[in-house]
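Student: Just entry.cif, nothing more (mmCIF, C-alpha atoms (C1' of nucleotides)):
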```cif
data_structure
#
loop_
_atom_site.label_atom_id
_atom_site.label_comp_id
_atom_site.auth_asym_id
_atom_site.auth_seq_id
_atom_site.Cartn_x
_atom_site.Cartn_y
_atom_site.Cartn_z
CA MET K 1 4.34 13.91 -10.21
CA THR K 2 1.31 11.69 -9.64
CA HIS K 3 -1.81 12.74 -7.76
CA LEU K 4 -4.00 10.31 -5.88
CA LYS K 5 -7.37 11.02 -4.34
CA ILE K 6 -8.30 8.78 -1.44
CA ALA K 7 -11.70 8.61 0.27
CA SER K 8 -12.86 6.93 3.48
CA TRP K 9 -16.49 6.35 4.46
CA ASN K 10 -18.33 4.38 7.13
CA ILE K 11 -21.14 3.29 4.87
CA ASN K 12 -23.36 1.38 7.37
CA SER K 13 -24.08 -1.50 4.96
CA VAL K 14 -22.56 -1.40 1.50
CA ARG K 15 -25.54 -3.24 -0.02
CA ALA K 16 -28.12 -0.79 1.39
CA ARG K 17 -26.13 2.20 0.15
CA SER K 18 -25.31 1.51 -3.52
CA HIS K 19 -27.32 4.55 -4.73
CA ILE K 20 -25.29 7.04 -2.70
CA VAL K 21 -21.97 5.22 -3.16
CA GLU K 22 -22.42 5.45 -6.93
CA ARG K 23 -23.32 9.13 -6.71
CA PHE K 24 -20.27 9.85 -4.56
CA LEU K 25 -17.91 7.95 -6.88
CA LEU K 26 -19.28 9.73 -9.97
CA GLU K 27 -19.17 13.20 -8.38
CA GLU K 28 -15.90 12.95 -6.46
CA ALA K 29 -14.07 10.29 -8.52
CA PRO K 30 -11.55 9.18 -5.90
CA ASP K 31 -8.82 6.80 -7.05
CA ILE K 32 -9.33 4.71 -3.92
CA LEU K 33 -12.36 4.28 -1.65
CA CYS K 34 -11.99 2.80 1.84
CA LEU K 35 -15.28 1.59 3.33
CA GLN K 36 -16.07 0.61 6.91
CA GLU K 37 -19.09 -1.20 8.33
CA THR K 38 -19.81 -2.95 5.05
CA LYS K 39 -21.96 -5.57 6.85
CA ALA K 40 -21.31 -8.10 4.10
CA HIS K 41 -19.39 -11.37 3.98
CA ASN K 42 -16.85 -11.40 1.12
CA ASP K 43 -19.08 -13.96 -0.68
CA VAL K 44 -21.93 -11.44 -1.01
CA PHE K 45 -19.85 -8.25 -1.39
CA PRO K 46 -20.97 -6.33 -4.54
CA ARG K 47 -17.64 -6.72 -6.36
CA GLY K 48 -19.23 -6.32 -9.82
CA PHE K 49 -20.91 -3.04 -8.86
CA PHE K 50 -17.51 -1.49 -8.08
CA GLU K 51 -15.80 -3.12 -11.07
CA LYS K 52 -18.31 -1.44 -13.42
CA LEU K 53 -17.36 1.91 -11.89
CA GLY K 54 -13.67 1.19 -12.52
CA TYR K 55 -12.69 -0.01 -9.05
CA VAL K 56 -11.33 -3.35 -10.17
CA HIS K 57 -8.66 -3.71 -7.49
CA GLN K 58 -10.37 -4.83 -4.30
CA ALA K 59 -9.11 -5.82 -0.86
CA LEU K 60 -11.96 -7.17 1.27
CA ASN K 61 -12.25 -8.17 4.89
CA GLY K 62 -15.91 -8.83 5.58
CA GLN K 63 -18.04 -10.97 7.84
CA LYS K 64 -21.72 -11.79 8.10
CA MET K 65 -24.02 -9.14 9.66
CA HIS K 66 -21.63 -6.76 11.37
CA HIS K 67 -18.44 -4.77 10.90
CA GLY K 68 -16.38 -5.39 7.75
CA VAL K 69 -14.01 -3.18 5.72
CA ALA K 70 -13.19 -2.92 2.02
CA THR K 71 -10.62 -0.99 -0.02
CA LEU K 72 -11.72 -0.44 -3.65
CA SER K 73 -9.23 1.02 -6.11
CA ARG K 74 -8.64 2.07 -9.69
CA VAL K 75 -4.89 1.73 -9.17
CA PRO K 76 -3.21 -1.59 -8.36
CA LEU K 77 -2.97 -2.66 -4.73
CA GLU K 78 -0.27 -4.91 -3.36
CA GLU K 79 0.25 -7.04 -0.27
CA ASP K 80 -3.07 -6.96 1.47
CA LEU K 81 -2.89 -7.70 5.20
CA ARG K 82 -5.64 -8.19 7.78
CA HIS K 83 -4.86 -7.51 11.44
CA ASP K 84 -7.16 -8.74 14.20
CA TRP K 85 -6.36 -6.05 16.75
CA GLN K 86 -9.31 -7.04 18.91
CA ASP K 87 -8.14 -10.68 18.96
CA ASN K 88 -11.69 -12.02 18.59
CA GLY K 89 -12.03 -12.73 14.86
CA GLU K 90 -14.00 -9.60 13.93
CA ALA K 91 -13.29 -8.08 10.49
CA ARG K 92 -12.06 -4.57 11.23
CA HIS K 93 -8.90 -3.97 9.21
CA VAL K 94 -7.41 -4.34 5.77
CA GLY K 95 -4.09 -2.84 4.75
CA VAL K 96 -2.50 -2.55 1.29
CA ARG K 97 0.49 -0.97 -0.40
CA VAL K 98 -0.30 1.57 -3.12
CA ALA K 99 1.83 2.27 -6.18
CA GLY K 100 4.84 0.80 -4.38
CA GLN K 101 5.02 4.08 -2.47
CA PHE K 102 3.01 3.98 0.73
CA ARG K 103 0.80 1.79 2.85
CA LEU K 104 -2.94 2.44 3.16
CA GLU K 105 -4.51 1.05 6.33
CA ASN K 106 -8.31 0.91 6.52
CA VAL K 107 -9.61 0.43 10.06
CA TYR K 108 -12.93 0.20 11.90
CA VAL K 109 -12.30 0.64 15.61
CA PRO K 110 -14.96 -1.01 17.83
CA ALA K 111 -17.69 1.34 19.07
CA GLY K 112 -17.22 0.10 22.63
CA GLY K 113 -20.79 -0.34 23.89
CA ASP K 114 -22.71 2.00 26.19
CA ILE K 115 -20.94 1.99 29.57
CA PRO K 116 -17.40 3.44 29.73
CA ASP K 117 -16.11 0.85 32.20
CA ARG K 118 -14.28 -2.30 31.18
CA ASN K 119 -15.52 -4.25 34.23
CA GLU K 120 -19.19 -3.50 33.66
CA ASN K 121 -18.92 -3.57 29.86
CA PRO K 122 -16.35 -5.89 28.25
CA LYS K 123 -16.81 -4.18 24.88
CA PHE K 124 -15.30 -1.00 26.27
CA GLY K 125 -12.18 -2.92 27.35
CA GLN K 126 -11.97 -4.57 23.93
CA LYS K 127 -12.03 -1.13 22.30
CA LEU K 128 -9.13 0.09 24.44
CA ASP K 129 -7.22 -3.18 23.89
CA PHE K 130 -7.76 -2.89 20.12
CA ILE K 131 -6.09 0.54 20.15
CA ASP K 132 -3.28 -0.74 22.41
CA ARG K 133 -2.48 -3.52 19.88
CA MET K 134 -2.66 -0.96 17.07
CA THR K 135 -0.20 1.16 19.08
CA ARG K 136 2.33 -1.69 19.30
CA TRP K 137 1.95 -2.17 15.52
CA GLY K 138 2.54 1.58 15.02
CA GLU K 139 5.73 1.55 17.07
CA ASP K 140 7.37 -0.84 14.60
CA LEU K 141 6.07 0.84 11.46
CA ARG K 142 8.85 1.96 9.12
CA GLU K 143 7.02 2.69 5.84
CA PRO K 144 5.18 5.90 4.92
CA THR K 145 1.57 5.13 5.79
CA LEU K 146 -1.90 6.63 5.60
CA ILE K 147 -4.31 5.18 8.17
CA VAL K 148 -7.97 6.01 7.60
CA GLY K 149 -11.32 4.98 8.92
CA ASP K 150 -13.86 5.11 11.69
CA PHE K 151 -11.81 5.43 14.89
CA ASN K 152 -15.01 5.83 16.96
CA ILE K 153 -13.29 8.44 19.12
CA ALA K 154 -13.69 12.22 18.97
CA PRO K 155 -10.40 13.34 20.55
CA LEU K 156 -10.65 17.12 20.91
CA GLU K 157 -13.12 19.28 22.82
CA CYS K 158 -14.17 20.85 19.52
CA ASP K 159 -14.71 17.41 17.96
CA VAL K 160 -18.10 17.09 19.70
CA TRP K 161 -21.13 19.35 19.92
CA ASN K 162 -20.85 19.59 23.71
CA HIS K 163 -17.59 18.60 25.41
CA LYS K 164 -18.82 18.66 29.03
CA GLN K 165 -21.98 16.74 28.26
CA LEU K 166 -20.08 14.02 26.39
CA LEU K 167 -17.20 13.43 28.84
CA LYS K 168 -18.95 10.30 30.17
CA VAL K 169 -20.29 9.18 26.79
CA VAL K 170 -18.36 6.44 24.98
CA SER K 171 -16.40 8.02 22.09
CA HIS K 172 -15.29 11.10 24.06
CA THR K 173 -14.23 9.79 27.52
CA PRO K 174 -10.78 10.85 28.79
CA ILE K 175 -9.47 7.24 28.84
CA GLU K 176 -10.39 6.76 25.17
CA VAL K 177 -8.83 10.09 24.21
CA GLU K 178 -5.62 9.23 26.15
CA THR K 179 -5.47 5.75 24.59
CA LEU K 180 -5.85 7.21 21.08
CA GLU K 181 -3.21 9.86 21.86
CA ARG K 182 -0.71 7.13 22.84
CA PHE K 183 -1.40 5.54 19.46
CA ARG K 184 -0.82 8.89 17.74
CA GLN K 185 2.50 9.31 19.50
CA SER K 186 3.63 5.76 18.62
CA HIS K 187 4.35 6.83 15.05
CA ASP K 188 4.08 10.63 15.27
CA TRP K 189 0.89 10.38 13.19
CA VAL K 190 -0.39 13.66 11.73
CA ASP K 191 -4.14 14.18 12.19
CA LEU K 192 -4.92 15.51 8.71
CA GLY K 193 -8.40 16.65 9.70
CA ARG K 194 -6.97 19.11 12.21
CA LYS K 195 -4.01 20.02 10.01
CA PHE K 196 -6.44 21.37 7.41
CA ILE K 197 -9.27 22.42 9.74
CA PRO K 198 -7.41 23.67 12.83
CA ALA K 199 -9.04 23.51 16.27
CA PRO K 200 -11.33 24.99 17.48
CA GLU K 201 -13.09 25.15 14.12
CA ARG K 202 -16.21 22.99 13.94
CA CYS K 203 -15.61 19.64 12.19
CA TYR K 204 -17.95 16.64 12.53
CA THR K 205 -18.18 13.42 10.51
CA TRP K 206 -21.09 11.66 12.24
CA TRP K 207 -24.63 12.63 13.29
CA SER K 208 -27.05 10.22 14.98
CA TYR K 209 -29.97 8.76 13.04
CA ARG K 210 -32.20 9.47 16.02
CA SER K 211 -32.57 13.13 15.35
CA LYS K 212 -35.36 13.89 12.89
CA ASP K 213 -33.30 16.68 11.34
CA TRP K 214 -29.55 16.23 11.77
CA THR K 215 -28.94 19.90 10.86
CA ALA K 216 -31.38 21.30 13.44
CA ASN K 217 -29.16 21.07 16.53
CA ASP K 218 -25.99 19.94 14.74
CA ARG K 219 -25.15 17.42 17.45
CA GLY K 220 -22.24 15.87 15.59
CA ARG K 221 -18.96 14.22 16.50
CA ARG K 222 -15.67 13.83 14.60
CA LEU K 223 -15.31 10.04 14.78
CA ASP K 224 -13.73 9.42 11.36
CA HIS K 225 -10.12 10.23 10.70
CA MET K 226 -7.27 10.24 8.19
CA TRP K 227 -3.82 10.19 9.76
CA ALA K 228 -0.50 10.27 7.87
CA SER K 229 3.03 9.24 8.75
CA PRO K 230 5.16 12.34 9.43
CA GLU K 231 7.12 11.80 6.18
CA LEU K 232 3.93 11.41 4.13
CA ALA K 233 1.90 14.26 5.67
CA PRO K 234 3.59 17.08 3.65
CA GLN K 235 2.45 15.34 0.43
CA VAL K 236 -1.21 15.72 1.38
CA THR K 237 -2.42 18.79 -0.52
CA ARG K 238 -6.13 18.81 0.33
CA HIS K 239 -8.55 17.41 2.92
CA GLN K 240 -12.34 17.54 2.74
CA VAL K 241 -15.34 16.38 4.76
CA HIS K 242 -18.34 15.78 2.48
CA GLU K 243 -21.05 16.95 4.84
CA PRO K 244 -23.86 17.18 2.23
CA CYS K 245 -23.79 13.36 1.92
CA ARG K 246 -25.57 13.23 5.30
CA SER K 247 -28.66 14.63 3.54
CA TRP K 248 -28.61 12.31 0.53
CA GLU K 249 -31.39 9.75 0.17
CA LYS K 250 -31.19 6.93 2.76
CA PRO K 251 -27.84 8.20 4.07
CA SER K 252 -25.21 6.61 6.24
CA ASP K 253 -24.90 8.27 9.65
CA HIS K 254 -21.24 9.01 8.74
CA VAL K 255 -20.00 11.22 5.88
CA PRO K 256 -16.97 10.60 3.63
CA LEU K 257 -13.52 12.13 4.10
CA VAL K 258 -11.25 12.80 1.10
CA VAL K 259 -7.56 13.64 0.78
CA ASP K 260 -5.41 14.46 -2.23
CA LEU K 261 -1.87 13.10 -2.23
CA ALA K 262 0.96 14.41 -4.43
CA LEU K 263 3.47 11.62 -5.02
"C1'" DA A 1 -34.28 15.00 24.40
"C1'" DT A 2 -27.92 10.37 23.93
"C1'" DG A 3 -31.81 7.82 21.99
"C1'" DG A 4 -36.31 9.60 19.52
"C1'" DC A 5 -33.48 5.59 14.17
"C1'" DT A 6 -31.40 2.16 10.98
"C1'" DG A 7 -29.70 -2.35 8.85
"C1'" DG A 8 -29.12 -7.43 8.99
"C1'" DT A 9 -30.99 -11.65 9.97
"C1'" DA A 10 -34.45 -14.33 11.36
"C1'" DG A 11 -38.89 -14.97 11.29
"C1'" DA A 12 -37.80 -11.47 17.86
"C1'" DA A 13 -40.86 -8.88 23.22
"C1'" DC A 14 -33.57 -9.90 18.34
"C1'" DC A 15 -28.63 -7.53 18.07
"C1'" DA A 16 -25.51 -3.74 17.13
"C1'" DG A 17 -24.34 0.88 16.23
"C1'" DA A 18 -22.29 5.41 19.15
#
```
How would this structure read if it were set down as C-alpha coordinates?
Tutor:
Amino acid sequence: MTHLKIASWNINSVRARSHIVERFLLEEAPDILCLQETKAHNDVFPRGFFEKLGYVHQALNGQKMHHGVATLSRVPLEEDLRHDWQDNGEARHVGVRVAGQFRLENVYVPAGGDIPDRNENPKFGQKLDFIDRMTRWGEDLREPTLIVGDFNIAPLECDVWNHKQLLKVVSHTPIEVETLERFRQSHDWVDLGRKFIPAPERCYTWWSYRSKDWTANDRGRRLDHMWASPELAPQVTRHQVHEPCRSWEKPSDHVPLVVDLAL
DNA sequence: ATGGCTGGTAGAACCAGA
(Lines of atoms letter the chains of each structure in order from A and count residues from 1; the text may use other names and numbers.)
(Lines give C-alpha, C1' and ligand atoms only; values in the text may rest on other atoms or scores of the structure.)
Protein backbone atom coordinates (compact mmCIF):
# COMPACT_ATOMS: atom_id res chain seq x y z
CA MET A 1 0.00 0.00 0.00
CA THR A 2 1.34 3.39 -1.06
CA HIS A 3 0.09 6.71 0.27
CA LEU A 4 0.20 9.90 -1.74
CA LYS A 5 -0.54 13.39 -0.50
CA ILE A 6 -1.72 15.82 -3.16
CA ALA A 7 -2.18 19.57 -2.73
CA SER A 8 -3.82 22.21 -4.93
CA TRP A 9 -3.41 25.97 -4.51
CA ASN A 10 -4.28 29.06 -6.53
CA ILE A 11 -1.12 30.92 -5.66
CA ASN A 12 -1.76 34.27 -7.44
CA SER A 13 1.79 34.56 -8.81
CA VAL A 14 4.28 31.82 -8.01
CA ARG A 15 7.20 34.28 -8.00
CA ALA A 16 5.57 36.65 -5.49
CA ARG A 17 4.71 33.77 -3.15
CA SER A 18 7.92 31.74 -2.72
CA HIS A 19 8.08 32.46 1.05
CA ILE A 20 4.67 30.93 1.76
CA VAL A 21 5.01 28.13 -0.81
CA GLU A 22 8.23 27.01 0.90
CA ARG A 23 6.58 27.17 4.32
CA PHE A 24 3.62 25.12 3.10
CA LEU A 25 5.83 22.48 1.46
CA LEU A 26 7.99 22.15 4.59
CA GLU A 27 5.02 21.96 6.98
CA GLU A 28 2.64 19.83 4.92
CA ALA A 29 5.12 17.92 2.73
CA PRO A 30 2.75 16.91 -0.06
CA ASP A 31 4.09 14.49 -2.67
CA ILE A 32 2.54 16.59 -5.42
CA LEU A 33 1.61 20.29 -5.54
CA CYS A 34 -0.76 21.62 -8.22
CA LEU A 35 -0.58 25.39 -8.64
CA GLN A 36 -2.96 27.70 -10.49
CA GLU A 37 -2.53 31.34 -11.51
CA THR A 38 1.25 31.05 -11.59
CA LYS A 39 1.50 34.22 -13.75
CA ALA A 40 4.83 33.07 -15.17
CA HIS A 41 5.92 31.96 -18.63
CA ASN A 42 7.69 28.57 -18.51
CA ASP A 43 10.99 30.37 -19.30
CA VAL A 44 10.85 32.30 -16.00
CA PHE A 45 9.16 29.64 -13.83
CA PRO A 46 11.24 29.03 -10.65
CA ARG A 47 12.08 25.40 -11.50
CA GLY A 48 15.25 25.40 -9.36
CA PHE A 49 13.37 26.61 -6.27
CA PHE A 50 11.09 23.56 -6.41
CA GLU A 51 13.92 21.18 -7.34
CA LYS A 52 15.80 22.18 -4.16
CA LEU A 53 12.71 21.25 -2.15
CA GLY A 54 12.60 17.83 -3.83
CA TYR A 55 9.94 18.56 -6.47
CA VAL A 56 12.08 17.57 -9.43
CA HIS A 57 9.26 16.29 -11.65
CA GLN A 58 7.53 19.30 -13.16
CA ALA A 59 4.74 19.71 -15.70
CA LEU A 60 4.31 23.37 -16.63
CA ASN A 61 1.79 25.26 -18.70
CA GLY A 62 2.48 28.95 -18.24
CA GLN A 63 2.11 32.17 -20.15
CA LYS A 64 3.24 35.74 -19.66
CA MET A 65 1.32 37.88 -17.12
CA HIS A 66 -1.87 35.93 -16.53
CA HIS A 67 -3.23 32.48 -15.75
CA GLY A 68 -0.82 29.52 -15.88
CA VAL A 69 -0.75 26.16 -14.07
CA ALA A 70 2.05 23.91 -12.80
CA THR A 71 2.21 20.42 -11.30
CA LEU A 72 5.31 19.88 -9.13
CA SER A 73 6.06 16.39 -7.86
CA ARG A 74 8.46 14.24 -5.87
CA VAL A 75 7.17 11.15 -7.66
CA PRO A 76 7.57 10.63 -11.41
CA LEU A 77 4.93 12.05 -13.73
CA GLU A 78 4.09 10.61 -17.12
CA GLU A 79 2.31 11.79 -20.25
CA ASP A 80 1.69 15.43 -19.64
CA LEU A 81 -1.18 16.88 -21.70
CA ARG A 82 -2.41 20.45 -22.08
CA HIS A 83 -6.03 21.05 -23.09
CA ASP A 84 -7.19 24.44 -24.33
CA TRP A 85 -10.80 24.18 -23.20
CA GLN A 86 -11.39 27.87 -23.81
CA ASP A 87 -10.07 27.58 -27.38
CA ASN A 88 -8.19 30.89 -27.15
CA GLY A 89 -4.61 29.88 -26.31
CA GLU A 90 -4.74 30.66 -22.58
CA ALA A 91 -2.72 28.37 -20.27
CA ARG A 92 -5.29 26.84 -17.93
CA HIS A 93 -4.70 23.09 -17.80
CA VAL A 94 -2.01 20.48 -17.41
CA GLY A 95 -2.72 16.80 -16.91
CA VAL A 96 -0.34 13.96 -15.97
CA ARG A 97 -0.43 10.29 -15.05
CA VAL A 98 0.91 9.43 -11.59
CA ALA A 99 2.61 6.17 -10.64
CA GLY A 100 0.97 4.48 -13.61
CA GLN A 101 -2.21 4.40 -11.52
CA PHE A 102 -4.34 7.47 -12.05
CA ARG A 103 -4.54 10.73 -13.93
CA LEU A 104 -4.11 14.08 -12.17
CA GLU A 105 -5.74 17.01 -13.97
CA ASN A 106 -4.82 20.53 -12.82
CA VAL A 107 -7.25 23.18 -14.05
CA TYR A 108 -7.82 26.92 -13.75
CA VAL A 109 -11.35 27.71 -14.93
CA PRO A 110 -11.75 31.31 -16.22
CA ALA A 111 -13.16 33.77 -13.67
CA GLY A 112 -15.73 34.99 -16.20
CA GLY A 113 -15.65 38.78 -15.78
CA ASP A 114 -18.16 40.93 -13.91
CA ILE A 115 -21.49 40.66 -15.76
CA PRO A 116 -23.24 37.25 -15.80
CA ASP A 117 -24.48 37.59 -19.38
CA ARG A 118 -22.64 36.18 -22.38
CA ASN A 119 -24.00 38.88 -24.73
CA GLU A 120 -22.89 41.80 -22.59
CA ASN A 121 -19.71 40.08 -21.37
CA PRO A 122 -17.96 37.61 -23.70
CA LYS A 123 -15.77 36.37 -20.85
CA PHE A 124 -18.82 34.91 -19.13
CA GLY A 125 -19.67 32.92 -22.27
CA GLN A 126 -16.07 31.73 -22.54
CA LYS A 127 -16.26 30.45 -18.96
CA LEU A 128 -19.41 28.44 -19.70
CA ASP A 129 -17.94 27.16 -22.99
CA PHE A 130 -14.74 26.12 -21.19
CA ILE A 131 -16.79 23.94 -18.83
CA ASP A 132 -18.85 22.55 -21.73
CA ARG A 133 -15.65 21.41 -23.50
CA MET A 134 -14.40 19.95 -20.22
CA THR A 135 -17.73 18.10 -19.97
CA ARG A 136 -17.27 16.49 -23.41
CA TRP A 137 -13.75 15.46 -22.32
CA GLY A 138 -15.21 13.97 -19.11
CA GLU A 139 -17.78 11.91 -21.00
CA ASP A 140 -15.02 9.96 -22.75
CA LEU A 141 -12.80 9.56 -19.71
CA ARG A 142 -12.07 5.92 -18.88
CA GLU A 143 -9.14 6.13 -16.42
CA PRO A 144 -9.35 6.78 -12.67
CA THR A 145 -8.78 10.52 -12.38
CA LEU A 146 -8.38 13.26 -9.79
CA ILE A 147 -9.26 16.71 -11.13
CA VAL A 148 -8.18 19.61 -8.92
CA GLY A 149 -7.93 23.35 -9.11
CA ASP A 150 -9.66 26.68 -9.10
CA PHE A 151 -13.06 26.03 -10.70
CA ASN A 152 -14.15 29.64 -9.97
CA ILE A 153 -17.65 28.40 -9.10
CA ALA A 154 -19.15 27.94 -5.64
CA PRO A 155 -21.88 25.38 -6.39
CA LEU A 156 -23.86 24.98 -3.17
CA GLU A 157 -25.81 27.51 -1.13
CA CYS A 158 -23.47 26.85 1.79
CA ASP A 159 -20.42 27.42 -0.44
CA VAL A 160 -20.84 31.21 -0.15
CA TRP A 161 -21.27 33.56 2.80
CA ASN A 162 -24.66 34.74 1.54
CA HIS A 163 -26.51 32.68 -1.08
CA LYS A 164 -29.28 35.18 -1.90
CA GLN A 165 -26.90 38.11 -2.17
CA LEU A 166 -24.57 36.22 -4.52
CA LEU A 167 -27.14 34.72 -6.91
CA LYS A 168 -26.35 37.44 -9.49
CA VAL A 169 -22.62 37.54 -8.76
CA VAL A 170 -20.34 35.65 -11.16
CA SER A 171 -19.14 32.44 -9.44
CA HIS A 172 -22.52 31.60 -7.88
CA THR A 173 -25.13 32.26 -10.62
CA PRO A 174 -27.61 29.45 -11.38
CA ILE A 175 -26.34 29.02 -14.98
CA GLU A 176 -22.77 28.51 -13.75
CA VAL A 177 -23.90 26.06 -11.07
CA GLU A 178 -26.00 24.11 -13.65
CA THR A 179 -23.11 24.06 -16.14
CA LEU A 180 -20.72 22.74 -13.48
CA GLU A 181 -23.29 20.14 -12.40
CA ARG A 182 -23.53 18.84 -15.99
CA PHE A 183 -19.75 18.44 -15.91
CA ARG A 184 -19.99 16.58 -12.59
CA GLN A 185 -22.56 14.20 -14.03
CA SER A 186 -20.48 13.56 -17.18
CA HIS A 187 -18.14 11.30 -15.22
CA ASP A 188 -20.00 10.87 -11.92
CA TRP A 189 -17.29 12.96 -10.27
CA VAL A 190 -17.21 12.88 -6.46
CA ASP A 191 -16.85 16.33 -4.85
CA LEU A 192 -14.31 15.39 -2.18
CA GLY A 193 -14.74 18.67 -0.33
CA ARG A 194 -18.38 17.88 0.39
CA LYS A 195 -17.73 14.18 0.93
CA PHE A 196 -15.50 15.07 3.88
CA ILE A 197 -17.20 18.31 4.95
CA PRO A 198 -20.90 17.59 4.26
CA ALA A 199 -23.30 20.43 3.46
CA PRO A 200 -24.39 22.66 5.10
CA GLU A 201 -21.16 22.90 7.07
CA ARG A 202 -19.19 26.07 6.36
CA CYS A 203 -16.32 25.52 3.88
CA TYR A 204 -14.60 28.35 2.00
CA THR A 205 -11.35 28.43 0.02
CA TRP A 206 -11.23 32.07 -1.10
CA TRP A 207 -11.62 35.46 0.60
CA SER A 208 -11.30 38.78 -1.24
CA TYR A 209 -8.21 40.94 -0.78
CA ARG A 210 -10.47 43.96 -0.45
CA SER A 211 -11.49 43.30 3.08
CA LYS A 212 -9.01 44.69 5.60
CA ASP A 213 -9.53 41.66 7.85
CA TRP A 214 -10.69 38.56 5.99
CA THR A 215 -11.77 36.91 9.27
CA ALA A 216 -13.95 39.84 10.41
CA ASN A 217 -17.05 39.10 8.32
CA ASP A 218 -15.86 35.77 6.88
CA ARG A 219 -17.22 36.59 3.43
CA GLY A 220 -15.70 33.57 1.74
CA ARG A 221 -16.58 31.31 -1.17
CA ARG A 222 -15.67 27.69 -1.98
CA LEU A 223 -14.17 28.20 -5.44
CA ASP A 224 -11.40 25.57 -5.30
CA HIS A 225 -12.18 21.90 -5.63
CA MET A 226 -10.82 18.37 -5.73
CA TRP A 227 -13.04 15.89 -7.54
CA ALA A 228 -12.36 12.15 -7.96
CA SER A 229 -13.56 9.53 -10.41
CA PRO A 230 -16.13 7.26 -8.72
CA GLU A 231 -13.65 4.34 -8.70
CA LEU A 232 -10.89 6.48 -7.18
CA ALA A 233 -12.97 8.33 -4.56
CA PRO A 234 -13.00 5.46 -1.99
CA GLN A 235 -9.18 5.57 -1.93
CA VAL A 236 -9.18 9.15 -0.66
CA THR A 237 -8.66 8.87 3.10
CA ARG A 238 -8.40 12.54 4.12
CA HIS A 239 -9.31 16.00 2.82
CA GLN A 240 -8.21 19.31 4.33
CA VAL A 241 -8.59 23.03 3.65
CA HIS A 242 -5.59 24.95 5.01
CA GLU A 243 -7.41 28.07 6.12
CA PRO A 244 -4.56 29.53 8.24
CA CYS A 245 -2.55 30.12 5.03
CA ARG A 246 -4.88 33.06 4.32
CA SER A 247 -3.22 34.87 7.26
CA TRP A 248 0.38 34.11 6.31
CA GLU A 249 2.61 36.98 5.21
CA LYS A 250 1.66 38.39 1.77
CA PRO A 251 -0.92 35.63 1.22
CA SER A 252 -2.73 34.43 -1.86
CA ASP A 253 -6.46 35.17 -1.76
CA HIS A 254 -7.00 31.37 -2.08
CA VAL A 255 -5.93 28.69 0.42
CA PRO A 256 -4.54 25.21 -0.36
CA LEU A 257 -6.56 21.99 -0.42
CA VAL A 258 -4.93 18.65 0.44
CA VAL A 259 -6.03 15.04 -0.01
CA ASP A 260 -4.43 11.77 1.03
CA LEU A 261 -4.74 8.86 -1.39
CA ALA A 262 -4.23 5.19 -0.47
CA LEU A 263 -3.11 3.27 -3.55
C1' DA B 1 -19.57 48.00 2.03
C1' DT B 2 -18.72 43.04 -4.03
C1' DG B 3 -14.87 46.29 -4.17
C1' DG B 4 -12.40 49.00 -0.16
C1' DC B 5 -6.78 45.17 -2.69
C1' DT B 6 -3.05 42.75 -5.24
C1' DG B 7 0.39 41.30 -8.96
C1' DG B 8 2.46 41.85 -13.62
C1' DT B 9 4.07 44.77 -16.96
C1' DA B 10 5.04 48.96 -18.56
C1' DG B 11 6.57 53.05 -17.53
C1' DA B 12 -0.89 53.94 -17.25
C1' DA B 13 -5.82 58.26 -15.87
C1' DC B 14 -3.15 50.01 -17.55
C1' DC B 15 -5.32 44.99 -17.14
C1' DA B 16 -7.10 41.06 -14.63
C1' DG B 17 -8.77 38.73 -10.71
C1' DA B 18 -13.88 37.11 -8.58
Student: For K:Asp87, find every residue with an atom within 12 Å (counting all atoms listed in the file), except residues of its own chain fewer than 2 positions away, and show them as a PyMOL selection string.
Tutor: chain K and resi 82-85+89-93+110+126-127+129-134
Student: Using the chain letters and residue numbers of this document, give as a count of residues only the residues selected by the PyMOL selection byres ((chain A) within 8 of (chain K)).
Tutor: 10
Student: List the residues matched by the PyMOL selection byres ((chain K and resi 59) around 6) in the displayed structure as a list of chain:residue names, ordered by chain and then by residue number.
Tutor: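 In the shown coordinates, the PyMOL selection byres ((chain K and resi 59) around 6) covers K:Gln58, K:Leu60, K:Ala70, K:Thr71.
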Student: How big is the axis-aligned box, and where does its centre sit, when it encloses all atoms of stretch 94-107 of chain K listed in the file and has 6 Å added on every side, reported in Å to one decimal as lines of an AutoDock Vina configuration file?
Tutor:
```
center_x = -2.3
center_y = -0.1
center_z = 1.9
size_x = 26.6
size_y = 20.4
size_z = 28.2
```
Student: Atom CA of K:Val44 to atom CA of K:Leu4: how many Å, to one decimal?
Tutor: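 Here the two named atoms are 28.6 Å from each other.
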Student: Find the residue from K:Gln63, K:Thr38, K:Asp31, K:Val109 that sits nearest to K:Pro76; use only C-alpha atoms when measuring.
Tutor: K:Asp31
Student: For the PyMOL selection byres ((chain K and resi 30) around 10), applied here, can you spell out every residue it catches as a list in words?
Tutor: Leu4, Lys5, Ile6, Ala7, Ser8, Phe24, Leu25, Leu26, Glu27, Glu28, Ala29, Asp31, Ile32, Leu33, Tyr55, Leu72, Ser73, Arg74, Val258, Val259 and Asp260 of chain K
Student: Nearest residue to K:Pro234 out of K:Leu257, K:Val160, K:Leu192, K:Ala199, using only C-alpha atoms?
Tutor: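 So, comparing all the options, the nearest one is K:Leu192.
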Student: In Å, how far is it from atom CA of K:Glu120 to atom CA of K:Glu176?
Tutor: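 Rounded to one decimal, the two atoms are 16.0 Å apart.
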Student: One decimal, in Å: what's the spacing between atom CA of K:Trp161 and atom CA of K:Trp214?
Tutor: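 Distance between the two atoms: 12.1 Å.
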Student: K:Pro116, K:Pro230, K:Pro200, K:Gly48: which is nearest K:His163, counting all atoms listed in the file?
Tutor: K:Pro200
Student: Pick out the closest residue to K:Ser247 from this set: K:Leu156, K:Arg136, K:Val148, K:Ile20. Count only C-alpha atoms.
Tutor: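 For K:Ser247, the nearest of the candidates is K:Ile20.
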Student: Neighbouring residues of K:Met1 were defined as those with any atom within 12 Å, considering all atoms listed in the file; residues of the same chain fewer than 2 positions away were excluded. Please report them as a ChimeraX atom specification.
Tutor: /K:3-4,235,261-263
Student: Calculated over all atoms listed in the file, which of the candidates K:Asp159, K:Glu249, K:Glu181, K:Glu143 has the smallest distance to K:Arg194?
Tutor: K:Asp159
